[in-house]
Every structure is written in C-alpha cells, then in structure tokens.
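This is run_18.cif (mmCIF, C-alpha atoms).
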data_target
loop_
_atom_site.label_atom_id
_atom_site.label_comp_id
_atom_site.auth_asym_id
_atom_site.auth_seq_id
_atom_site.Cartn_x
_atom_site.Cartn_y
_atom_site.Cartn_z
CA MET D 1 -3.01 -4.78 8.96
CA PRO D 2 0.74 -4.70 8.53
CA GLN D 3 2.48 -7.09 10.90
CA GLY D 4 6.03 -7.39 12.17
CA GLN D 5 8.82 -5.11 11.17
CA PRO D 6 8.45 -1.65 9.68
CA THR D 7 9.71 -1.42 6.13
CA THR D 8 12.13 1.40 6.93
CA VAL D 9 13.87 2.71 10.02
CA PRO D 10 13.96 6.49 9.97
CA GLU D 11 16.94 8.53 11.15
CA ASP D 12 14.88 10.72 13.46
CA GLY D 13 16.91 10.33 16.65
CA LEU D 14 14.03 8.53 18.39
CA THR D 15 14.23 5.16 20.11
CA THR D 16 11.91 2.44 18.82
CA ARG D 17 9.81 2.90 21.94
CA GLN D 18 9.57 6.67 21.49
CA ARG D 19 8.65 6.24 17.84
CA ARG D 20 6.17 3.51 18.69
CA ASN D 21 4.25 5.66 21.14
CA ARG D 22 4.21 8.81 19.02
CA GLN D 23 0.79 10.39 18.84
CA LEU D 24 -1.10 9.80 15.60
CA LEU D 25 -3.34 11.77 13.31
CA ILE D 26 -5.63 9.25 11.64
CA VAL D 27 -8.04 9.93 8.76
CA HIS D 28 -10.84 7.57 7.72
CA THR D 29 -12.17 8.67 4.36
CA GLY D 30 -13.76 7.22 1.19
CA GLN D 31 -17.30 6.81 -0.07
CA MET D 32 -18.29 3.76 1.92
CA LYS D 33 -19.56 2.82 5.36
CA GLY D 34 -17.15 2.05 8.14
CA LYS D 35 -15.31 5.37 8.49
CA SER D 36 -17.00 6.45 11.72
CA THR D 37 -17.69 2.89 12.81
CA ALA D 38 -13.98 2.05 12.73
CA ALA D 39 -13.21 5.28 14.62
CA PHE D 40 -15.59 4.25 17.39
CA GLY D 41 -14.02 0.77 17.34
CA MET D 42 -10.68 2.49 17.98
CA ALA D 43 -12.27 4.35 20.87
CA LEU D 44 -12.91 0.94 22.49
CA ARG D 45 -9.17 0.33 22.50
CA ALA D 46 -8.52 3.79 23.92
CA TRP D 47 -11.08 3.14 26.66
CA ASN D 48 -9.33 -0.10 27.56
CA GLN D 49 -6.03 1.80 27.81
CA GLY D 50 -7.60 4.27 30.24
CA TRP D 51 -7.29 7.15 27.78
CA PRO D 52 -9.91 9.89 28.19
CA ILE D 53 -12.01 10.05 25.01
CA ALA D 54 -13.82 12.99 23.43
CA VAL D 55 -16.17 12.68 20.48
CA PHE D 56 -17.18 15.77 18.47
CA GLN D 57 -19.93 15.13 15.92
CA PHE D 58 -19.94 17.74 13.18
CA VAL D 59 -22.88 16.80 11.00
CA LYS D 60 -26.42 16.71 12.25
CA SER D 61 -28.57 13.77 11.27
CA ALA D 62 -31.88 12.37 12.36
CA LYS D 63 -30.32 9.28 13.92
CA TRP D 64 -26.88 10.62 14.82
CA ARG D 65 -24.92 7.62 15.98
CA VAL D 66 -27.17 6.68 18.85
CA GLY D 67 -25.85 3.14 19.08
CA GLU D 68 -22.25 4.16 19.44
CA GLU D 69 -23.13 7.10 21.68
CA ASN D 70 -25.20 4.97 24.06
CA ALA D 71 -22.63 2.18 24.22
CA LEU D 72 -19.61 4.47 24.65
CA SER D 73 -21.47 6.62 27.17
CA ALA D 74 -22.30 3.44 29.10
CA LEU D 75 -18.58 2.66 29.16
CA GLY D 76 -17.93 6.19 30.44
CA ARG D 77 -20.44 5.70 33.27
CA LEU D 78 -18.85 2.35 34.07
CA HIS D 79 -15.55 4.21 34.44
CA GLU D 80 -17.14 6.68 36.85
CA GLN D 81 -18.53 3.82 38.95
CA THR D 82 -15.64 1.37 38.95
CA GLY D 83 -12.56 3.19 37.68
CA GLU D 84 -12.30 0.68 34.85
CA GLY D 85 -11.42 2.07 31.43
CA ALA D 86 -11.65 5.81 30.85
CA PRO D 87 -14.08 8.75 30.84
CA VAL D 88 -16.04 9.43 27.64
CA THR D 89 -17.23 12.91 26.61
CA TRP D 90 -19.67 13.23 23.71
CA HIS D 91 -20.40 16.54 21.95
CA LYS D 92 -22.93 17.06 19.16
CA MET D 93 -22.85 20.14 17.00
CA GLY D 94 -26.37 20.16 15.63
CA ALA D 95 -27.99 19.79 19.01
CA GLY D 96 -26.13 22.88 20.22
CA TRP D 97 -22.66 22.16 21.64
CA SER D 98 -23.02 21.16 25.25
CA TRP D 99 -20.70 23.91 26.54
CA ILE D 100 -22.80 26.65 24.94
CA GLN D 101 -25.80 27.76 27.00
CA ARG D 102 -28.08 29.08 24.27
CA GLY D 103 -30.11 26.73 22.11
CA PRO D 104 -29.08 25.33 18.76
CA ASP D 105 -27.89 27.97 16.36
CA GLU D 106 -29.15 27.85 12.80
CA ASP D 107 -25.85 29.29 11.61
CA HIS D 108 -24.14 25.99 10.85
CA ALA D 109 -20.84 27.58 9.87
CA ARG D 110 -20.64 29.38 13.19
CA ASN D 111 -21.62 26.19 15.03
CA ALA D 112 -18.82 24.31 13.30
CA GLN D 113 -16.33 27.07 14.10
CA GLU D 114 -17.35 27.01 17.76
CA GLY D 115 -16.79 23.25 17.80
CA TRP D 116 -13.35 23.67 16.30
CA ALA D 117 -12.48 26.46 18.77
CA GLN D 118 -13.34 24.10 21.64
CA ILE D 119 -11.20 21.34 20.12
CA GLN D 120 -8.31 23.82 19.89
CA ARG D 121 -8.72 24.67 23.59
CA ASP D 122 -8.90 20.99 24.56
CA LEU D 123 -5.83 20.12 22.48
CA ALA D 124 -3.86 23.00 24.00
CA ASP D 125 -4.80 21.74 27.47
CA ALA D 126 -4.16 18.08 26.51
CA ARG D 127 -7.56 17.45 28.02
CA TYR D 128 -8.19 14.08 26.33
CA ARG D 129 -5.96 11.42 24.87
CA CYS D 130 -8.25 10.17 22.06
CA TYR D 131 -10.33 12.55 19.93
CA VAL D 132 -12.89 11.40 17.39
CA LEU D 133 -13.74 14.34 15.11
CA ASP D 134 -16.67 12.72 13.37
CA GLU D 135 -17.47 14.03 9.87
CA PHE D 136 -15.01 16.85 10.41
CA THR D 137 -13.99 16.70 6.73
CA TYR D 138 -17.25 18.40 5.73
CA PRO D 139 -16.95 21.79 7.50
CA ILE D 140 -13.43 21.93 6.04
CA LYS D 141 -14.73 21.05 2.59
CA TRP D 142 -17.48 23.66 2.87
CA GLY D 143 -14.96 26.35 3.77
CA TRP D 144 -16.31 26.90 7.28
CA ILE D 145 -13.05 25.86 8.92
CA ASP D 146 -9.65 26.68 7.43
CA VAL D 147 -7.64 23.55 6.67
CA ASP D 148 -4.32 25.35 7.23
CA ASP D 149 -5.50 26.28 10.72
CA VAL D 150 -6.45 22.65 11.35
CA VAL D 151 -3.10 21.31 10.13
CA ALA D 152 -1.11 23.91 12.10
CA THR D 153 -3.11 23.29 15.28
CA LEU D 154 -2.69 19.54 15.02
CA ALA D 155 1.03 19.83 14.28
CA ALA D 156 1.49 21.97 17.41
CA ARG D 157 -0.63 19.87 19.77
CA PRO D 158 1.08 18.64 22.94
CA GLU D 159 1.78 14.90 23.32
CA PRO D 160 0.16 12.45 23.72
CA GLN D 161 -3.12 13.11 21.93
CA HIS D 162 -4.37 10.79 19.18
CA VAL D 163 -6.84 12.39 16.76
CA ILE D 164 -9.12 10.46 14.40
CA ILE D 165 -10.93 12.43 11.70
CA THR D 166 -13.71 10.86 9.63
CA GLY D 167 -15.68 11.83 6.55
CA ARG D 168 -15.66 11.71 2.78
CA ASP D 169 -13.47 13.88 0.56
CA ALA D 170 -10.72 14.54 3.10
CA HIS D 171 -8.78 17.65 2.08
CA PRO D 172 -5.39 16.83 0.48
CA ALA D 173 -3.60 18.94 3.11
CA LEU D 174 -5.22 16.84 5.82
CA ILE D 175 -4.14 13.61 4.14
CA GLU D 176 -0.64 15.03 3.76
CA ALA D 177 -0.54 15.86 7.48
CA ALA D 178 -1.95 12.51 8.62
CA ASP D 179 0.11 9.58 9.86
CA LEU D 180 -2.46 6.97 8.87
CA VAL D 181 -5.13 7.24 6.19
CA VAL D 182 -7.68 4.53 5.38
CA GLU D 183 -10.11 4.72 2.51
CA MET D 184 -13.33 2.75 2.82
CA THR D 185 -14.32 1.57 -0.65
CA LYS D 186 -17.65 0.17 -1.69
CA ILE D 187 -17.75 -3.24 -3.24
CA LYS D 188 -21.41 -3.98 -2.58
CA HIS D 189 -24.14 -2.29 -0.56
CA PRO D 190 -27.70 -3.43 0.22
CA MET D 191 -29.07 -0.04 -0.88
CA ASP D 192 -28.08 -1.13 -4.39
CA ALA D 193 -30.65 -3.91 -3.96
CA GLY D 194 -33.32 -1.51 -2.73
CA GLN D 195 -32.80 -1.98 1.00
CA LYS D 196 -32.99 1.03 3.29
CA GLY D 197 -30.88 1.53 6.39
CA GLN D 198 -31.95 -0.28 9.54
CA ALA D 199 -31.57 0.13 13.28
CA GLY D 200 -28.58 -1.67 14.69
CA ILE D 201 -26.84 -1.69 11.34
CA GLU D 202 -26.75 1.93 10.19
CA TRP D 203 -27.13 3.62 13.57
CA MET E 1 -22.46 6.12 3.70
CA PRO E 2 -25.36 6.20 1.26
CA GLN E 3 -28.13 8.43 2.50
CA GLY E 4 -31.79 8.70 1.66
CA GLN E 5 -33.51 6.67 -0.98
CA PRO E 6 -32.28 3.38 -2.41
CA THR E 7 -31.34 3.59 -6.07
CA THR E 8 -33.73 0.82 -7.07
CA VAL E 9 -36.86 -0.74 -5.66
CA PRO E 10 -36.83 -4.52 -6.16
CA GLU E 11 -39.89 -6.56 -7.07
CA ASP E 12 -39.40 -9.04 -4.26
CA GLY E 13 -42.87 -8.96 -2.71
CA LEU E 14 -41.51 -7.43 0.51
CA THR E 15 -42.74 -4.26 2.18
CA THR E 16 -40.19 -1.51 2.70
CA ARG E 17 -40.17 -2.37 6.40
CA GLN E 18 -39.60 -6.07 5.78
CA ARG E 19 -36.83 -5.30 3.33
CA ARG E 20 -35.33 -2.77 5.70
CA ASN E 21 -35.07 -5.24 8.55
CA ARG E 22 -33.78 -8.14 6.50
CA GLN E 23 -30.79 -9.85 8.09
CA LEU E 24 -27.47 -9.00 6.53
CA LEU E 25 -24.27 -10.79 5.68
CA ILE E 26 -21.51 -8.19 5.83
CA VAL E 27 -17.90 -8.64 4.72
CA HIS E 28 -15.06 -6.29 5.66
CA THR E 29 -12.05 -7.09 3.50
CA GLY E 30 -9.02 -5.38 1.92
CA GLN E 31 -5.37 -4.97 2.89
CA MET E 32 -5.74 -2.15 5.39
CA LYS E 33 -6.62 -1.60 9.04
CA GLY E 34 -10.20 -1.06 10.09
CA LYS E 35 -11.84 -4.31 9.01
CA SER E 36 -12.19 -5.76 12.49
CA THR E 37 -12.33 -2.36 14.13
CA ALA E 38 -15.40 -1.40 12.11
CA ALA E 39 -16.99 -4.76 12.90
CA PHE E 40 -16.58 -4.10 16.63
CA GLY E 41 -17.97 -0.60 16.07
CA MET E 42 -21.05 -2.26 14.57
CA ALA E 43 -21.26 -4.46 17.65
CA LEU E 44 -21.74 -1.25 19.68
CA ARG E 45 -24.89 -0.53 17.68
CA ALA E 46 -26.10 -4.10 18.13
CA TRP E 47 -25.51 -3.81 21.88
CA ASN E 48 -27.57 -0.63 21.98
CA GLN E 49 -30.40 -2.44 20.17
CA GLY E 50 -30.37 -5.20 22.79
CA TRP E 51 -29.16 -7.79 20.28
CA PRO E 52 -27.11 -10.64 21.80
CA ILE E 53 -23.60 -10.55 20.33
CA ALA E 54 -21.14 -13.35 19.72
CA VAL E 55 -17.55 -12.83 18.62
CA PHE E 56 -15.51 -15.72 17.22
CA GLN E 57 -11.84 -14.92 16.69
CA PHE E 58 -10.22 -17.26 14.19
CA VAL E 59 -6.59 -16.20 14.12
CA LYS E 60 -4.33 -16.35 17.12
CA SER E 61 -2.11 -13.40 17.80
CA ALA E 62 0.00 -12.18 20.66
CA LYS E 63 -2.27 -9.24 21.37
CA TRP E 64 -5.60 -10.55 20.09
CA ARG E 65 -7.96 -7.61 20.29
CA VAL E 66 -7.69 -7.04 24.01
CA GLY E 67 -9.03 -3.50 23.83
CA GLU E 68 -12.20 -4.44 22.01
CA GLU E 69 -12.61 -7.62 24.04
CA ASN E 70 -12.27 -5.82 27.38
CA ALA E 71 -14.58 -2.98 26.38
CA LEU E 72 -17.27 -5.19 24.82
CA SER E 73 -17.05 -7.65 27.72
CA ALA E 74 -17.52 -4.71 30.09
CA LEU E 75 -20.68 -3.83 28.15
CA GLY E 76 -21.80 -7.45 28.49
CA ARG E 77 -21.30 -7.34 32.27
CA LEU E 78 -23.18 -4.04 32.38
CA HIS E 79 -26.08 -5.82 30.69
CA GLU E 80 -26.01 -8.58 33.32
CA GLN E 81 -26.09 -5.99 36.10
CA THR E 82 -28.58 -3.45 34.74
CA GLY E 83 -30.38 -5.04 31.81
CA GLU E 84 -29.10 -2.24 29.58
CA GLY E 85 -27.89 -3.26 26.13
CA ALA E 86 -27.28 -6.92 25.38
CA PRO E 87 -25.15 -9.91 26.42
CA VAL E 88 -21.74 -10.32 24.79
CA THR E 89 -20.06 -13.71 24.25
CA TRP E 90 -16.43 -13.84 23.18
CA HIS E 91 -14.73 -16.96 21.79
CA LYS E 92 -11.06 -17.27 20.82
CA MET E 93 -9.83 -20.12 18.70
CA GLY E 94 -6.13 -20.10 19.49
CA ALA E 95 -6.67 -20.12 23.24
CA GLY E 96 -8.81 -23.24 22.90
CA TRP E 97 -12.49 -22.59 22.21
CA SER E 98 -14.24 -21.97 25.51
CA TRP E 99 -16.81 -24.76 25.01
CA ILE E 100 -14.06 -27.39 24.57
CA GLN E 101 -12.69 -28.76 27.82
CA ARG E 102 -9.23 -29.86 26.74
CA GLY E 103 -6.40 -27.38 26.25
CA PRO E 104 -5.50 -25.63 23.02
CA ASP E 105 -5.08 -28.01 20.13
CA GLU E 106 -2.08 -27.56 17.91
CA ASP E 107 -4.09 -28.79 14.94
CA HIS E 108 -5.21 -25.36 13.72
CA ALA E 109 -7.35 -26.74 10.92
CA ARG E 110 -9.30 -28.85 13.40
CA ASN E 111 -9.59 -25.89 15.76
CA ALA E 112 -11.04 -23.76 12.98
CA GLN E 113 -13.46 -26.51 11.97
CA GLU E 114 -14.64 -26.85 15.57
CA GLY E 115 -15.25 -23.11 15.67
CA TRP E 116 -17.26 -23.25 12.49
CA ALA E 117 -19.27 -26.24 13.76
CA GLN E 118 -20.21 -24.20 16.85
CA ILE E 119 -21.23 -21.25 14.68
CA GLN E 120 -23.44 -23.59 12.65
CA ARG E 121 -25.12 -24.82 15.83
CA ASP E 122 -25.61 -21.27 17.10
CA LEU E 123 -27.04 -20.10 13.78
CA ALA E 124 -29.43 -23.06 13.65
CA ASP E 125 -30.61 -22.17 17.17
CA ALA E 126 -30.73 -18.42 16.38
CA ARG E 127 -28.75 -18.07 19.58
CA TYR E 128 -27.40 -14.57 18.89
CA ARG E 129 -28.50 -11.69 16.71
CA CYS E 130 -25.10 -10.25 15.78
CA TYR E 131 -22.11 -12.45 14.94
CA VAL E 132 -18.60 -11.14 14.39
CA LEU E 133 -16.55 -13.87 12.68
CA ASP E 134 -13.19 -12.16 13.02
CA GLU E 135 -10.54 -13.13 10.45
CA PHE E 136 -12.80 -15.92 9.25
CA THR E 137 -11.62 -15.36 5.65
CA TYR E 138 -8.30 -17.07 6.46
CA PRO E 139 -9.44 -20.60 7.42
CA ILE E 140 -11.55 -20.49 4.26
CA LYS E 141 -8.57 -19.32 2.20
CA TRP E 142 -6.36 -22.00 3.71
CA GLY E 143 -8.88 -24.70 2.76
CA TRP E 144 -9.69 -25.65 6.35
CA ILE E 145 -13.34 -24.67 6.00
CA ASP E 146 -15.32 -25.22 2.82
CA VAL E 147 -16.67 -21.97 1.38
CA ASP E 148 -19.68 -23.71 -0.18
CA ASP E 149 -20.63 -25.03 3.26
CA VAL E 150 -20.28 -21.51 4.67
CA VAL E 151 -22.42 -19.95 1.95
CA ALA E 152 -25.11 -22.65 2.20
CA THR E 153 -25.24 -22.43 6.00
CA LEU E 154 -25.54 -18.65 5.93
CA ALA E 155 -28.22 -18.76 3.23
CA ALA E 156 -30.27 -21.18 5.34
CA ARG E 157 -29.86 -19.42 8.69
CA PRO E 158 -33.09 -18.47 10.47
CA GLU E 159 -33.98 -14.76 10.77
CA PRO E 160 -32.94 -12.42 12.28
CA GLN E 161 -29.20 -12.98 12.54
CA HIS E 162 -26.70 -10.45 11.19
CA VAL E 163 -23.26 -11.86 10.41
CA ILE E 164 -20.11 -9.78 9.93
CA ILE E 165 -17.04 -11.53 8.51
CA THR E 166 -13.62 -9.83 8.50
CA GLY E 167 -10.25 -10.57 6.93
CA ARG E 168 -8.18 -10.06 3.81
CA ASP E 169 -8.71 -11.93 0.56
CA ALA E 170 -12.38 -12.75 1.07
CA HIS E 171 -13.34 -15.68 -1.16
CA PRO E 172 -15.28 -14.59 -4.30
CA ALA E 173 -18.18 -16.88 -3.34
CA LEU E 174 -18.40 -15.14 0.03
CA ILE E 175 -18.45 -11.72 -1.63
CA GLU E 176 -21.12 -12.97 -4.04
CA ALA E 177 -23.25 -14.17 -1.11
CA ALA E 178 -22.80 -10.99 0.97
CA ASP E 179 -25.28 -8.14 1.16
CA LEU E 180 -22.67 -5.53 2.02
CA VAL E 181 -18.95 -5.62 1.26
CA VAL E 182 -16.48 -2.93 2.29
CA GLU E 183 -12.86 -2.90 1.24
CA MET E 184 -10.41 -1.09 3.50
CA THR E 185 -7.68 0.41 1.31
CA LYS E 186 -4.38 1.80 2.46
CA ILE E 187 -3.52 5.34 1.58
CA LYS E 188 -0.88 5.90 4.21
CA HIS E 189 0.34 3.93 7.23
CA PRO E 190 2.82 4.91 9.97
CA MET E 191 4.69 1.61 9.47
CA ASP E 192 5.80 3.09 6.15
CA ALA E 193 7.59 5.73 8.20
CA GLY E 194 9.24 3.18 10.46
CA GLN E 195 6.71 3.26 13.31
CA LYS E 196 5.70 0.01 15.01
CA GLY E 197 2.24 -0.77 16.34
CA GLN E 198 1.29 0.68 19.71
CA ALA E 199 -1.09 -0.12 22.53
CA GLY E 200 -4.45 1.60 22.22
CA ILE E 201 -4.00 2.03 18.48
CA GLU E 202 -3.33 -1.45 17.11
CA TRP E 203 -4.85 -3.48 19.95
#
If you took the structure in this file and wrote it as structure tokens, what would it be?
Amino acid sequence: MPQGQPTTVPEDGLTTRQRRNRQLLIVHTGQMKGKSTAAFGMALRAWNQGWPIAVFQFVKSAKWRVGEENALSALGRLHEQTGEGAPVTWHKMGAGWSWIQRGPDEDHARNAQEGWAQIQRDLADARYRCYVLDEFTYPIKWGWIDVDDVVATLAARPEPQHVIITGRDAHPALIEAADLVVEMTKIKHPMDAGQKGQAGIEW
Amino acid sequence: MPQGQPTTVPEDGLTTRQRRNRQLLIVHTGQMKGKSTAAFGMALRAWNQGWPIAVFQFVKSAKWRVGEENALSALGRLHEQTGEGAPVTWHKMGAGWSWIQRGPDEDHARNAQEGWAQIQRDLADARYRCYVLDEFTYPIKWGWIDVDDVVATLAARPEPQHVIITGRDAHPALIEAADLVVEMTKIKHPMDAGQKGQAGIEW
C-alpha cells in the first residue's frame, strides 16, 4: 500500500482534507481469489467507522458467501443491540431480491436490472455509505446492465458514498471511471494440485 | 476464483474429501492494497466455521488496522457471549506483544523473533485454526527471521491449521512452500491523483 505523501498535488481547488475524504469508486478485478474477500475486509473498516453498509450479490452460487454474510450480519445485529459499528444490509439476487415480494425470477437479466434499479434508488437517497456490488462486473459484461448508465449514475451520486465493485473482466469504462483498481493475479492455487474448494477457505 | 473441477487429480493416496480439507499455507503479496484486507476477509469465513483465529501484526504503524481489529474483536466478544462463531485473538508487535510483561522493546528484530517464537509454540499446540501473520514477509526480508526455519516449522505443523501470510516481496522459499499465492497488482490508485489515505478506506 502506498505510504506517506501523494506523488502529485492536483490543482482542483480542494483542501487536503476535502480531497482526503472524497468518496471512492473501487474496483477489484482479475482472475484470482481475493476480489470479494478484500471487499468484505473493507466492509469491516466501514463498520468500525459507523458507516451503514449494503451488500448486493449479483451472481448466484451454491455456497454464496455464507461466511462473510454470517459474520457481517452478526456485526449488523451487534450494532442494533449496542450501537457499536454500523447497520449491515445484505441482498442476494439469485434468491429473489429481498424487496421484491414474488419468488425468485428465472429471468436473470431482469433480476440483475432490478438489483441495479434498487442500487440507483439507494444511491440517490444516500441510504448507505459503503456499497459492495459483488460480482457486478458480470451483468455488465453480459449486456444486462448498460455500463454507460452505471458510470453516469456513479458519477452523479451524492457524497459521501463509497462503492466497491468486484468481479473478473471489469469493463474498461468502469476502470476508467474508478478511483482505485486492484487486480488479483494468480501465482499459485491449490486447485492446480488437484485440491477442491473447502469450507472456511472458499466460502 | 476457479470454479468446479480441479485441473488435475494427484496420485497422493488421499480421498477427495481429505484433499479438500487439507490445511493451507496462503500468501498474499504484491505491491498493491488488498493483501491484508483479503486476509481479514478470510478470517470472517473462519469465524463463521467456528475456527479460533489468531492475528499477529508484525509491522508497527500509526493506524495499525483499527477497523479490522475492532470489527474482528467485536466478533470475538460476540462468540464469548453467545457461542456463535469463534474466538479471536489479536497480537501487535510494535505495541509490545501482549504475552510479554515489559513495555515495548525498541529492538525490533528481537520483537519480531519473539512474535515468531510464540507462533511456533501456538502451531505446535494447534492452539488456533486460522492464523493471519500480517506483514510477516518483512521481518523475513530484513533477515530478522530465518525463512528456512519458517518453512520447516510450517511444514511440520499439526493439522488442521490454516496460515495466511501477507506483505510485499514474499521470499521465494515462502512462495515455493505455499499452497495458494495471490499477487495484488496496482492498476490505479487515488494517491496517483494526489489523494491521501482516509479513515474507513485505508484503516
């Protein structure tokens, strides 16, 4: 992680403090593990700051991210009981978004679009301060959600709302719009040695 | 993240289940953010599995990782109160290791060696099931801790103990010994645009 002084000081009319606290669009991409995991690690910091957190999971899987969901939801309950930290809201697309009354829809494109429409409403209302849009690169890649709409919505969002987007193959327009982009690169993975995923490690 | 079937099936005499649940040595390295953050995200999964977690932080900094420490410690207290999840133990080198009675020692090499000696004792006792050795690559790089001793100790550790090591410039012998290695690569960082680190994002 870069330490100390920034390498340049922009002429943007902002004080250091204003620039420091500017909201960020963060993208975790690349082929390797750690994209979502690091996003949920960032959510721990947001929780500690008292920033309301919303997670939107865009790709259905058998295991989801049960470990992270259970642990972050426990932190959200702790907030309700003690006031410590921040509330945590967790939405899953494949299970049927929680704000939609009917059961899961088999039209995945429409599901994804409904998720994005809710995110747009929440951003307009500045409802949360930390958003994890987990695997949101895929519905963009698959053409279900228009990247120009995403970029325009994020550019127009009220302060202060940090947004973290994860997934492989992030669209170039998304990378262009982002303030911080990390690529997770594989050097070695146990699946190369014939090992399958395991509880506690992969989910 | 790789999905589905491993690319090879080794002739190691293990069943798929045995191989699946094999303990892992994981290294998060590279120049970019997310190494430690992803390790703490993995700790969320360990917590959900009920695996006792120990964090050893090897590099002193003004901010440490207060967000992660507060959130994971809150999860540890929740475990004490409700039995949910798992206990969390957090050790910081620069503040004086918690098991050493005297104040912080200015001999950083000796501090690091004392931390490593405690990890060796804990591994021998199988005291935890998930270890985060945060920024442990540096005392190895600086010659304070012998990499061959680290590799031999980890190779001999009793099952089941997962170990996650973070930091830049991981020693080649450590990478060779690891089961899973992720490199975090910078594509874009707000410090390039003159923005300093901020609470909730960097710590």
Inset, instruction - Find the distance between atom CA of Val55 of chain D and atom CA of Phe40 of chain D and write it in Å to one decimal. - result: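 Value for the atom CA of Val55 of chain D-atom CA of Phe40 of chain D distance: 9.0 Å.
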Legend entry - Closest of E:Gly115, E:Pro158, E:Gly197, E:Gly167 to Lys92 of chain E - atom-to-atom distances counting all atoms listed in the file: E:Gly115
With the PyMOL selection byres ((chain E and resi 76) around 8) as the selection, what would be picked from this file? Answer as a compact mmCIF listing (two decimals) with C-alpha atoms, keeping the file's coordinate frame, please.
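That gives us selection_23.txt:
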# COMPACT_ATOMS: atom_id res chain seq x y z
CA LEU E 72 -17.27 -5.19 24.82
CA SER E 73 -17.05 -7.65 27.72
CA ALA E 74 -17.52 -4.71 30.09
CA LEU E 75 -20.68 -3.83 28.15
CA ARG E 77 -21.30 -7.34 32.27
CA LEU E 78 -23.18 -4.04 32.38
CA HIS E 79 -26.08 -5.82 30.69
CA GLU E 80 -26.01 -8.58 33.32
CA GLY E 85 -27.89 -3.26 26.13
CA ALA E 86 -27.28 -6.92 25.38
CA PRO E 87 -25.15 -9.91 26.42
CA VAL E 88 -21.74 -10.32 24.79
CA THR E 89 -20.06 -13.71 24.25
Legend entry - Atom-to-atom span, atom CA of Trp90 of chain D and atom CA of Lys141 of chain D, Å: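 These two atoms are separated by 23.1 Å.
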Inset, instruction - Find, counting all atoms listed in the file, the residue in D:Ala54, D:Leu174, D:Met32, D:Val182 that gets nearest to Ile119 of chain D. - result: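 For Ile119 of chain D, the nearest of the candidates is D:Ala54.
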Inset, instruction - Enter the distance from atom CA of Gly50 of chain D to atom CA of Glu84 of chain D, in Å, rounded to one decimal. - result: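 Computing it gives 7.5 Å between the two atoms.
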Once 8 Å is added on each side, what are the centre and the three edge lengths, in Å to one decimal, of the axis-aligned box enclosing the listed atoms of segment 136-139 of chain D? Present them as lines of an AutoDock Vina configuration file.
center_x = -15.6
center_y = 19.2
center_z = 8.1
size_x = 19.3
size_y = 21.1
size_z = 20.7
Pick out the residues sitting within 9 Å of segment 122-133 of chain E, and hand them over as a compact mmCIF listing (two decimals) with C-alpha atoms, in the coordinates of the input; count only C-alpha atoms, and ignore anything fewer than 6 positions along from it in its own chain.
# COMPACT_ATOMS: atom_id res chain seq x y z
CA SER E 36 -12.19 -5.76 12.49
CA ALA E 39 -16.99 -4.76 12.90
CA PHE E 40 -16.58 -4.10 16.63
CA ALA E 43 -21.26 -4.46 17.65
CA ALA E 46 -26.10 -4.10 18.13
CA TRP E 47 -25.51 -3.81 21.88
CA TRP E 51 -29.16 -7.79 20.28
CA PRO E 52 -27.11 -10.64 21.80
CA ILE E 53 -23.60 -10.55 20.33
CA ALA E 54 -21.14 -13.35 19.72
CA VAL E 55 -17.55 -12.83 18.62
CA PHE E 56 -15.51 -15.72 17.22
CA GLN E 57 -11.84 -14.92 16.69
CA PHE E 58 -10.22 -17.26 14.19
CA THR E 153 -25.24 -22.43 6.00
CA LEU E 154 -25.54 -18.65 5.93
CA ALA E 156 -30.27 -21.18 5.34
CA ARG E 157 -29.86 -19.42 8.69
CA PRO E 158 -33.09 -18.47 10.47
CA GLU E 159 -33.98 -14.76 10.77
CA PRO E 160 -32.94 -12.42 12.28
CA GLN E 161 -29.20 -12.98 12.54
CA HIS E 162 -26.70 -10.45 11.19
CA VAL E 163 -23.26 -11.86 10.41
CA ILE E 164 -20.11 -9.78 9.93
CA ILE E 165 -17.04 -11.53 8.51
CA THR E 166 -13.62 -9.83 8.50
Legend entry - Distance criterion (only C-alpha atoms): nearest to chain E out of D:Gly67, D:Pro172, D:Gly143, D:Gly83: D:Gly67
Inset, instruction - Would you please work out which residue, of E:Pro139, E:Gly34, E:Gly200, E:Gly41, is nearest to Ala170 of chain E when using all atoms listed in the file? - result: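 Smallest separation from Ala170 of chain E among the options: E:Pro139.
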Please complete segment 72-85 of chain E so it has N, CA and C atoms, and hand it over as a tab-separated table (two decimals), in the coordinates of the input.
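New file result_20.tsv:
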chain	number	residue	atom	x	y	z
E	72	LEU	N	-15.99	-4.53	25.12
E	72	LEU	CA	-17.27	-5.19	24.82
E	72	LEU	C	-17.68	-6.13	25.95
E	73	SER	N	-16.70	-6.79	26.57
E	73	SER	CA	-17.05	-7.65	27.72
E	73	SER	C	-17.58	-6.81	28.88
E	74	ALA	N	-17.01	-5.61	29.05
E	74	ALA	CA	-17.52	-4.71	30.09
E	74	ALA	C	-18.97	-4.35	29.80
E	75	LEU	N	-19.28	-4.12	28.52
E	75	LEU	CA	-20.68	-3.83	28.15
E	75	LEU	C	-21.57	-5.05	28.42
E	76	GLY	N	-21.04	-6.24	28.18
E	76	GLY	CA	-21.80	-7.45	28.49
E	76	GLY	C	-22.09	-7.58	29.98
E	77	ARG	N	-21.09	-7.28	30.82
E	77	ARG	CA	-21.30	-7.34	32.27
E	77	ARG	C	-22.31	-6.28	32.71
E	78	LEU	N	-22.22	-5.10	32.07
E	78	LEU	CA	-23.18	-4.04	32.38
E	78	LEU	C	-24.60	-4.52	32.09
E	79	HIS	N	-24.77	-5.26	31.00
E	79	HIS	CA	-26.08	-5.82	30.69
E	79	HIS	C	-26.54	-6.77	31.78
E	80	GLU	N	-25.63	-7.63	32.25
E	80	GLU	CA	-26.01	-8.58	33.32
E	80	GLU	C	-26.47	-7.84	34.57
E	81	GLN	N	-25.81	-6.71	34.85
E	81	GLN	CA	-26.09	-5.99	36.10
E	81	GLN	C	-27.33	-5.11	36.00
E	82	THR	N	-27.53	-4.49	34.84
E	82	THR	CA	-28.58	-3.45	34.74
E	82	THR	C	-29.65	-3.78	33.72
E	83	GLY	N	-29.42	-4.76	32.88
E	83	GLY	CA	-30.38	-5.04	31.81
E	83	GLY	C	-30.22	-4.15	30.59
E	84	GLU	N	-29.36	-3.15	30.71
E	84	GLU	CA	-29.10	-2.24	29.58
E	84	GLU	C	-28.35	-3.00	28.48
E	85	GLY	N	-28.65	-2.68	27.23
E	85	GLY	CA	-27.89	-3.26	26.13
E	85	GLY	C	-28.17	-4.73	25.94
